[in-house]
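This is start.txt. It holds compact mmCIF, C-alpha atoms and all ligand atoms.
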```
# COMPACT_ATOMS: atom_id res chain seq x y z
CA MET A 13 75.41 99.64 70.39
CA LYS A 14 75.16 98.29 66.88
CA PHE A 15 78.09 98.10 64.47
CA PHE A 16 78.01 99.39 60.93
CA LEU A 17 80.96 98.85 58.61
CA ASP A 18 82.36 102.05 57.09
CA THR A 19 83.56 100.83 53.71
CA ALA A 20 82.66 100.27 50.07
CA ASP A 21 84.85 97.16 49.80
CA LEU A 22 82.76 94.07 49.05
CA ALA A 23 85.34 91.60 50.39
CA GLU A 24 85.53 93.46 53.71
CA ILE A 25 81.74 93.55 53.94
CA GLU A 26 81.41 89.84 53.15
CA GLU A 27 84.07 88.90 55.70
CA ALA A 28 82.71 91.11 58.51
CA CYS A 29 79.15 89.93 57.85
CA SER A 30 80.34 86.35 58.34
CA TRP A 31 81.30 87.30 61.92
CA GLY A 32 77.65 88.05 62.68
CA VAL A 33 78.30 91.58 63.93
CA VAL A 34 77.43 93.85 61.00
CA ALA A 35 74.08 95.62 61.31
CA GLY A 36 74.61 97.97 58.37
CA VAL A 37 77.12 99.66 56.08
CA THR A 38 78.03 103.29 55.47
CA THR A 39 79.78 104.49 52.34
CA ASN A 40 80.87 107.88 51.06
CA PRO A 41 82.57 109.20 47.91
CA THR A 42 86.03 108.83 49.47
CA LEU A 43 85.44 105.18 50.34
CA TYR A 44 84.10 104.45 46.84
CA ALA A 45 87.09 106.20 45.22
CA ARG A 46 89.43 104.19 47.51
CA ILE A 47 88.30 100.90 45.94
CA GLY A 48 88.77 102.33 42.43
CA GLY A 49 85.03 102.81 41.94
CA LYS A 50 83.77 104.23 38.65
CA LEU A 51 80.69 106.41 38.22
CA ALA A 52 79.14 104.05 35.65
CA ASP A 53 79.27 101.18 38.15
CA PHE A 54 78.16 103.14 41.23
CA ASN A 55 74.49 102.12 41.27
CA ASP A 56 75.32 98.47 40.64
CA HIS A 57 77.94 98.58 43.38
CA ILE A 58 75.41 99.93 45.89
CA ARG A 59 73.01 97.15 44.80
CA ARG A 60 75.76 94.56 45.43
CA ILE A 61 76.44 95.94 48.92
CA CYS A 62 72.71 95.96 49.70
CA ALA A 63 72.43 92.32 48.68
CA LEU A 64 75.24 91.36 51.09
CA VAL A 65 73.99 93.29 54.11
CA ASP A 66 70.99 92.53 56.27
CA GLY A 67 70.53 96.15 57.37
CA PRO A 68 70.66 99.73 56.16
CA VAL A 69 73.28 100.75 53.60
CA SER A 70 74.09 104.45 53.44
CA ALA A 71 74.81 105.75 49.94
CA GLU A 72 75.74 109.39 49.61
CA ALA A 73 73.95 111.96 47.48
CA THR A 74 76.73 114.12 46.05
CA GLY A 75 74.70 117.14 44.94
CA ALA A 76 74.93 120.41 46.87
CA GLU A 77 71.54 121.88 45.94
CA ARG A 78 68.31 120.48 47.37
CA ALA A 79 66.84 119.60 43.96
CA ASP A 80 69.92 117.50 43.12
CA ILE A 81 70.01 115.82 46.54
CA ILE A 82 66.32 114.96 46.27
CA ALA A 83 66.68 113.58 42.73
CA GLN A 84 69.75 111.52 43.68
CA GLY A 85 68.07 110.41 46.88
CA ARG A 86 65.07 109.07 45.00
CA GLU A 87 67.34 107.29 42.52
CA LEU A 88 69.44 105.74 45.30
CA ALA A 89 66.39 104.68 47.31
CA ALA A 90 65.02 102.88 44.25
CA LEU A 91 68.15 100.68 44.03
CA ALA A 92 67.24 98.45 46.98
CA ALA A 93 64.85 98.36 49.93
CA ASN A 94 67.68 98.81 52.45
CA VAL A 95 69.23 101.97 51.00
CA THR A 96 69.56 104.97 53.32
CA VAL A 97 70.40 108.24 51.60
CA LYS A 98 73.36 110.06 53.08
CA VAL A 99 72.77 113.80 53.03
CA PRO A 100 75.08 116.61 54.16
CA THR A 101 74.08 118.58 57.25
CA THR A 102 73.53 121.87 55.42
CA ILE A 103 70.49 124.03 54.72
CA GLU A 104 70.10 122.30 51.35
CA GLY A 105 70.50 118.93 53.03
CA LEU A 106 67.83 119.73 55.62
CA ALA A 107 65.40 120.82 52.90
CA ALA A 108 66.09 117.63 50.95
CA THR A 109 65.69 115.53 54.10
CA LYS A 110 62.24 117.01 54.73
CA VAL A 111 61.10 116.01 51.22
CA LEU A 112 62.72 112.55 51.26
CA ALA A 113 61.38 111.77 54.75
CA ALA A 114 57.86 112.69 53.64
CA GLU A 115 58.26 110.13 50.85
CA GLY A 116 59.30 107.46 53.36
CA ILE A 117 62.97 107.53 52.32
CA ASP A 118 65.42 107.13 55.21
CA THR A 119 68.25 109.64 55.43
CA ASN A 120 71.57 109.71 57.28
CA LEU A 121 72.65 113.28 57.98
CA THR A 122 76.41 113.24 57.64
CA LEU A 123 79.24 115.66 58.45
CA CYS A 124 77.46 116.63 61.67
CA PHE A 125 79.75 118.50 64.09
CA SER A 126 77.47 120.20 66.61
CA VAL A 127 74.41 119.85 68.83
CA PRO A 128 72.40 122.46 66.88
CA GLN A 129 73.16 120.66 63.61
CA ALA A 130 71.97 117.37 65.13
CA LEU A 131 68.77 118.92 66.51
CA LEU A 132 67.95 120.49 63.15
CA ALA A 133 68.67 117.22 61.34
CA ALA A 134 66.27 115.39 63.65
CA ARG A 135 63.58 118.05 63.22
CA ALA A 136 63.92 117.88 59.43
CA GLY A 137 63.17 114.15 59.57
CA ALA A 138 66.57 112.44 59.63
CA ARG A 139 66.41 108.73 60.46
CA TYR A 140 70.13 108.67 61.33
CA ILE A 141 72.52 111.42 62.40
CA SER A 142 76.28 110.97 62.07
CA PRO A 143 78.42 113.08 64.39
CA PHE A 144 82.05 112.80 63.25
CA VAL A 145 84.54 112.01 66.01
CA GLY A 146 87.98 111.63 64.43
CA ARG A 147 87.86 114.84 62.46
CA PHE A 148 87.62 116.81 65.72
CA ASP A 149 90.66 114.95 66.97
CA ASP A 150 92.39 115.95 63.70
CA ILE A 151 92.11 119.59 64.73
CA SER A 152 93.09 118.87 68.35
CA GLU A 153 89.54 119.09 69.68
CA ASP A 154 87.69 116.44 71.65
CA GLY A 155 85.48 114.47 69.24
CA ILE A 156 84.21 112.14 71.95
CA SER A 157 82.98 115.00 74.10
CA GLN A 158 81.18 116.44 71.04
CA LEU A 159 79.54 113.05 70.46
CA ASP A 160 78.51 112.92 74.12
CA ASP A 161 76.85 116.35 73.80
CA VAL A 162 74.91 115.29 70.68
CA VAL A 163 73.64 112.05 72.25
CA SER A 164 72.63 113.84 75.49
CA ALA A 165 70.85 116.68 73.66
CA LEU A 166 68.85 114.37 71.39
CA GLU A 167 67.77 112.27 74.38
CA ASN A 168 65.94 115.32 75.77
CA TYR A 169 63.32 115.32 73.01
CA ASP A 170 60.79 113.19 71.17
CA PHE A 171 61.04 113.94 67.46
CA GLY A 172 57.95 111.93 66.56
CA HIS A 173 59.96 109.47 64.50
CA PRO A 174 62.88 107.16 65.25
CA VAL A 175 66.29 108.86 65.23
CA GLU A 176 69.52 106.96 65.80
CA VAL A 177 72.97 108.43 66.35
CA ILE A 178 75.79 106.90 64.34
CA ALA A 179 79.21 107.63 65.83
CA ALA A 180 81.21 108.21 62.63
CA SER A 181 84.78 109.02 61.68
CA ILE A 182 85.81 106.34 64.17
CA ARG A 183 89.54 105.68 64.12
CA SER A 184 90.29 103.48 67.14
CA ALA A 185 89.03 100.91 69.61
CA ASN A 186 89.03 103.65 72.24
CA HIS A 187 86.62 105.70 70.12
CA VAL A 188 84.32 102.66 70.02
CA THR A 189 84.55 102.12 73.79
CA GLN A 190 83.79 105.76 74.48
CA ALA A 191 80.90 105.81 71.99
CA ALA A 192 79.36 102.79 73.74
CA LEU A 193 79.77 104.35 77.20
CA ILE A 194 78.07 107.49 75.91
CA GLY A 195 75.21 105.39 74.55
CA ALA A 196 75.54 106.09 70.82
CA ASP A 197 73.07 103.81 69.03
CA ILE A 198 75.55 102.77 66.34
CA ALA A 199 79.27 103.04 65.62
CA THR A 200 80.32 102.88 62.00
CA VAL A 201 83.85 101.53 61.88
CA PRO A 202 86.44 100.83 59.20
CA PHE A 203 87.26 97.14 58.69
CA GLY A 204 90.74 97.55 60.20
CA VAL A 205 89.29 98.99 63.40
CA LEU A 206 86.62 96.27 63.56
CA LYS A 207 89.36 93.61 63.39
CA LYS A 208 91.26 95.32 66.21
CA LEU A 209 88.13 95.36 68.38
CA VAL A 210 88.07 91.59 68.69
CA SER A 211 91.77 91.32 69.58
CA HIS A 212 93.24 91.37 73.05
CA PRO A 213 96.76 90.27 74.06
CA LEU A 214 95.37 88.38 77.06
CA THR A 215 93.06 86.40 74.74
CA ASP A 216 96.12 85.41 72.66
CA ARG A 217 98.13 84.55 75.78
CA GLY A 218 95.22 82.52 77.17
CA LEU A 219 94.94 80.55 73.94
CA GLU A 220 98.68 79.81 73.95
CA SER A 221 98.55 78.45 77.49
CA PHE A 222 95.42 76.37 76.77
CA ALA A 223 97.11 74.91 73.69
CA ALA A 224 100.26 74.07 75.69
CA ASP A 225 98.25 72.45 78.50
CA TRP A 226 96.04 70.57 76.06
CA GLN A 227 99.18 69.12 74.47
CA LYS A 228 100.10 67.76 77.93
CA VAL A 229 96.65 66.13 78.08
CA VAL A 230 97.12 64.64 74.62
CA ASN A 231 100.58 63.30 75.52
CA ALA A 232 99.53 61.89 78.91
O1 LIG B 1 81.44 107.63 58.24
C1 LIG B 1 82.21 108.76 57.98
C2 LIG B 1 83.62 108.39 57.84
O2 LIG B 1 83.83 107.64 56.69
C3 LIG B 1 84.59 109.51 57.86
O3 LIG B 1 85.74 109.01 58.43
O4 LIG B 1 88.12 108.83 58.91
O5 LIG B 1 87.31 110.06 56.85
O6 LIG B 1 87.00 111.04 59.10
P1 LIG B 1 87.11 109.77 58.32
```
Please express what this file holds, its structure, as structure tokens.
Ligand code: G3P
Amino acid sequence: MKFFLDTADLAEIEEACSWGVVAGVTTNPTLYARIGGKLADFNDHIRRICALVDGPVSAEATGAERADIIAQGRELAALAANVTVKVPTTIEGLAATKVLAAEGIDTNLTLCFSVPQALLAARAGARYISPFVGRFDDISEDGISQLDDVVSALENYDFGHPVEVIAASIRSANHVTQAALIGADIATVPFGVLKKLVSHPLTDRGLESFAADWQKVVNA
């Protein structure tokens, strides 16, 4: 499983990229608003992220109608070679995906919550499909089991083009573990979760005992 970083924060992206684990970045309007982003700077900000990341960067088209999504998608794709256009999993989003895919523009179908939505996204030409996990948990449903169903269903078919599943709305290390066991191609994780993934109390305890024993060696 590959790791994408789910953020619009340049410092987080730079830091996580330095760990050698970031294969891409996903952003959305909420994440851009969270860093105090302004509309006038949006395109430049996406360009800056694309320059930092050696991999696809999802930038969201905010229009609801297909004509707007297509126009925004073309504009976003022109910003950098590694832009992927994030498109909502709706009828208008499917129609826009068909047009953008035919033009060679990669799309990431977001806000996907069901197997039928994922199958339709793949048929329309989506390069990436993002089933949301945490938002099912928010309504006391099992987001991991929904992700499992999407991955299993897509594996049954050849869509004639590459399709990768991005486990999204990831809130915990357990979500990441479960997504990997299911075989999701990618997990997009917030920086805070990514930091937690590398931590383990036994690693810390092991380091403490090595340091104490090494001091004995030094003092001997
Ligand atoms: O990648 C989608 C993600 O940003 C949504 O996460 O936590 O807002 O459900 P969340």
Give me the residues near Leu17 (chain A) as a VMD selection string, where near means some atom within 9 Å (using all atoms listed in the file) and where sequence neighbours in that chain fewer than 6 positions away do not count. chain A and resid 24 to 25 28 34 to 39 199 to 203 206
Can you write out the residues you just picked, keeping C-alpha atoms, as a CSV table (one decimal), keeping the file's coordinate frame?
```csv
chain,number,residue,atom,x,y,z
A,24,GLU,CA,85.5,93.5,53.7
A,25,ILE,CA,81.7,93.6,53.9
A,28,ALA,CA,82.7,91.1,58.5
A,34,VAL,CA,77.4,93.8,61.0
A,35,ALA,CA,74.1,95.6,61.3
A,36,GLY,CA,74.6,98.0,58.4
A,37,VAL,CA,77.1,99.7,56.1
A,38,THR,CA,78.0,103.3,55.5
A,39,THR,CA,79.8,104.5,52.3
A,199,ALA,CA,79.3,103.0,65.6
A,200,THR,CA,80.3,102.9,62.0
A,201,VAL,CA,83.8,101.5,61.9
A,202,PRO,CA,86.4,100.8,59.2
A,203,PHE,CA,87.3,97.1,58.7
A,206,LEU,CA,86.6,96.3,63.6
```
Please list as a VMD selection string every residue within 10 Å of Leu131 (chain A), counting all atoms listed in the file and excluding residues in the same chain fewer than 2 positions away. chain A and resid 126 to 129 133 to 136 138 141 162 165 to 166 169 171
Best match for closeness to Lys207 (chain A) among A:Asp150, A:Glu220, A:Ala93, A:Trp31, counting only C-alpha atoms: A:Trp31
In Å, with one decimal, what is the gap from CA of Asp18 (chain A) to CA of Ile61 (chain A)?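 So the answer is 11.8 Å.
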Between CA of Gln190 (chain A) and CA of Thr109 (chain A) - distance in Å to one decimal: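 If I compute the distance from CA of Thr109 (chain A) to CA of Gln190 (chain A), I get 29.0 Å.
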Between CA of Asp216 (chain A) and CA of Ala23 (chain A) - distance in Å to one decimal: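 It comes out at 25.5 Å.
Between ligand LIG 1 (chain B) and the residues A:His57, A:Lys14, A:Arg183, A:His173, the shortest atom-to-atom distance, using all atoms listed in the file, involves A:Arg183.
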Set the cut-off to 6 Å, count only C-alpha atoms and all ligand atoms, and list whatever residues fall near ligand LIG 1 (chain B) as a PDB file with C-alpha atoms, in the frame of the given file.
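Output (part.pdb):
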```
ATOM      1  CA  ASP A  18      82.360 102.050  57.090  1.00  0.00           C
ATOM      2  CA  GLY A 146      87.980 111.630  64.430  1.00  0.00           C
ATOM      3  CA  ARG A 147      87.860 114.840  62.460  1.00  0.00           C
ATOM      4  CA  ALA A 180      81.210 108.210  62.630  1.00  0.00           C
ATOM      5  CA  SER A 181      84.780 109.020  61.680  1.00  0.00           C
TER       6      SER A 181
END
```
Within 10 Å of file point (65.8, 103.5, 67.4), counting only C-alpha atoms, expressed as a ChimeraX atom specification: /A:139-140,173-177,197-198
Measuring between all atoms listed in the file, which one of A:Gln84, A:Asn186, A:Thr119, A:Ser152 shows the shortest distance to Thr101 (chain A)?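 Using all atoms listed in the file, the shortest distance to Thr101 (chain A) belongs to A:Thr119.
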Excluding Ala108 (chain A) and any residue of its chain fewer than 4 positions from it, enumerate the residues within 9 Å of it, using only C-alpha atoms, and give them as a ChimeraX atom specification. /A:77-82,85,99,103-104,112-113,136
The residue from A:Ser184, A:Ala191, A:Arg217, A:Asn94 with the smallest atom-to-atom distance to Gly204 (chain A), counting only C-alpha atoms, is A:Ser184
Which of these residues is nearest to Val210 (chain A), using all atoms listed in the file: A:Ala76, A:Asn55, A:Val188, A:Ala114?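 Of the candidates, the smallest distance to Val210 (chain A) is held by A:Val188.
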Could you write out as lines of an AutoDock Vina configuration file the box around region 148-167 of chain A (axis-aligned, all atoms listed in the file, 8 Å on each side), with centre and edge lengths in Å to one decimal?
```
center_x = 80.4
center_y = 115.8
center_z = 69.6
size_x = 41.3
size_y = 23.5
size_z = 27.8
```
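Restricting the calculation to all atoms listed in the file, the smallest distance between Asp160 (chain A) and any of A:Gly172, A:His187, A:Ala92, A:Pro100 is found for A:His187.
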Please complete region 38-49 of chain A with N, CA, C and O atoms and give it back as a PDB file, keeping the file's coordinate frame.
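Below is the file part_15.pdb, written as the result:
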```
ATOM      1  N   THR A  38      78.043 101.894  55.919  1.00  0.00           N
ATOM      2  CA  THR A  38      78.030 103.290  55.470  1.00  0.00           C
ATOM      3  C   THR A  38      79.123 103.465  54.421  1.00  0.00           C
ATOM      4  O   THR A  38      80.217 102.919  54.564  1.00  0.00           O
ATOM      5  N   THR A  39      78.792 104.197  53.374  1.00  0.00           N
ATOM      6  CA  THR A  39      79.780 104.490  52.340  1.00  0.00           C
ATOM      7  C   THR A  39      79.814 106.005  52.140  1.00  0.00           C
ATOM      8  O   THR A  39      78.924 106.714  52.606  1.00  0.00           O
ATOM      9  N   ASN A  40      80.831 106.470  51.469  1.00  0.00           N
ATOM     10  CA  ASN A  40      80.870 107.880  51.060  1.00  0.00           C
ATOM     11  C   ASN A  40      81.741 107.956  49.804  1.00  0.00           C
ATOM     12  O   ASN A  40      82.348 106.957  49.406  1.00  0.00           O
ATOM     13  N   PRO A  41      81.803 109.109  49.146  1.00  0.00           N
ATOM     14  CA  PRO A  41      82.570 109.200  47.910  1.00  0.00           C
ATOM     15  C   PRO A  41      84.039 108.823  48.086  1.00  0.00           C
ATOM     16  O   PRO A  41      84.646 108.195  47.206  1.00  0.00           O
ATOM     17  N   THR A  42      84.618 109.176  49.228  1.00  0.00           N
ATOM     18  CA  THR A  42      86.030 108.830  49.470  1.00  0.00           C
ATOM     19  C   THR A  42      86.220 107.324  49.518  1.00  0.00           C
ATOM     20  O   THR A  42      87.157 106.774  48.913  1.00  0.00           O
ATOM     21  N   LEU A  43      85.315 106.642  50.197  1.00  0.00           N
ATOM     22  CA  LEU A  43      85.440 105.180  50.340  1.00  0.00           C
ATOM     23  C   LEU A  43      85.233 104.500  48.992  1.00  0.00           C
ATOM     24  O   LEU A  43      85.889 103.487  48.688  1.00  0.00           O
ATOM     25  N   TYR A  44      84.330 105.048  48.167  1.00  0.00           N
ATOM     26  CA  TYR A  44      84.100 104.450  46.840  1.00  0.00           C
ATOM     27  C   TYR A  44      85.313 104.697  45.942  1.00  0.00           C
ATOM     28  O   TYR A  44      85.737 103.806  45.202  1.00  0.00           O
ATOM     29  N   ALA A  45      85.886 105.894  46.021  1.00  0.00           N
ATOM     30  CA  ALA A  45      87.090 106.200  45.220  1.00  0.00           C
ATOM     31  C   ALA A  45      88.239 105.291  45.654  1.00  0.00           C
ATOM     32  O   ALA A  45      89.040 104.843  44.824  1.00  0.00           O
ATOM     33  N   ARG A  46      88.325 105.004  46.965  1.00  0.00           N
ATOM     34  CA  ARG A  46      89.430 104.190  47.510  1.00  0.00           C
ATOM     35  C   ARG A  46      89.460 102.789  46.908  1.00  0.00           C
ATOM     36  O   ARG A  46      90.518 102.191  46.780  1.00  0.00           O
ATOM     37  N   ILE A  47      88.307 102.250  46.536  1.00  0.00           N
ATOM     38  CA  ILE A  47      88.300 100.900  45.940  1.00  0.00           C
ATOM     39  C   ILE A  47      88.369 100.966  44.408  1.00  0.00           C
ATOM     40  O   ILE A  47      88.172  99.969  43.731  1.00  0.00           O
ATOM     41  N   GLY A  48      88.663 102.179  43.888  1.00  0.00           N
ATOM     42  CA  GLY A  48      88.770 102.330  42.430  1.00  0.00           C
ATOM     43  C   GLY A  48      87.421 102.373  41.748  1.00  0.00           C
ATOM     44  O   GLY A  48      87.306 102.045  40.558  1.00  0.00           O
ATOM     45  N   GLY A  49      86.390 102.779  42.483  1.00  0.00           N
ATOM     46  CA  GLY A  49      85.030 102.810  41.940  1.00  0.00           C
ATOM     47  C   GLY A  49      84.891 103.774  40.768  1.00  0.00           C
ATOM     48  O   GLY A  49      85.546 104.813  40.732  1.00  0.00           O
TER      49      GLY A  49
END
```
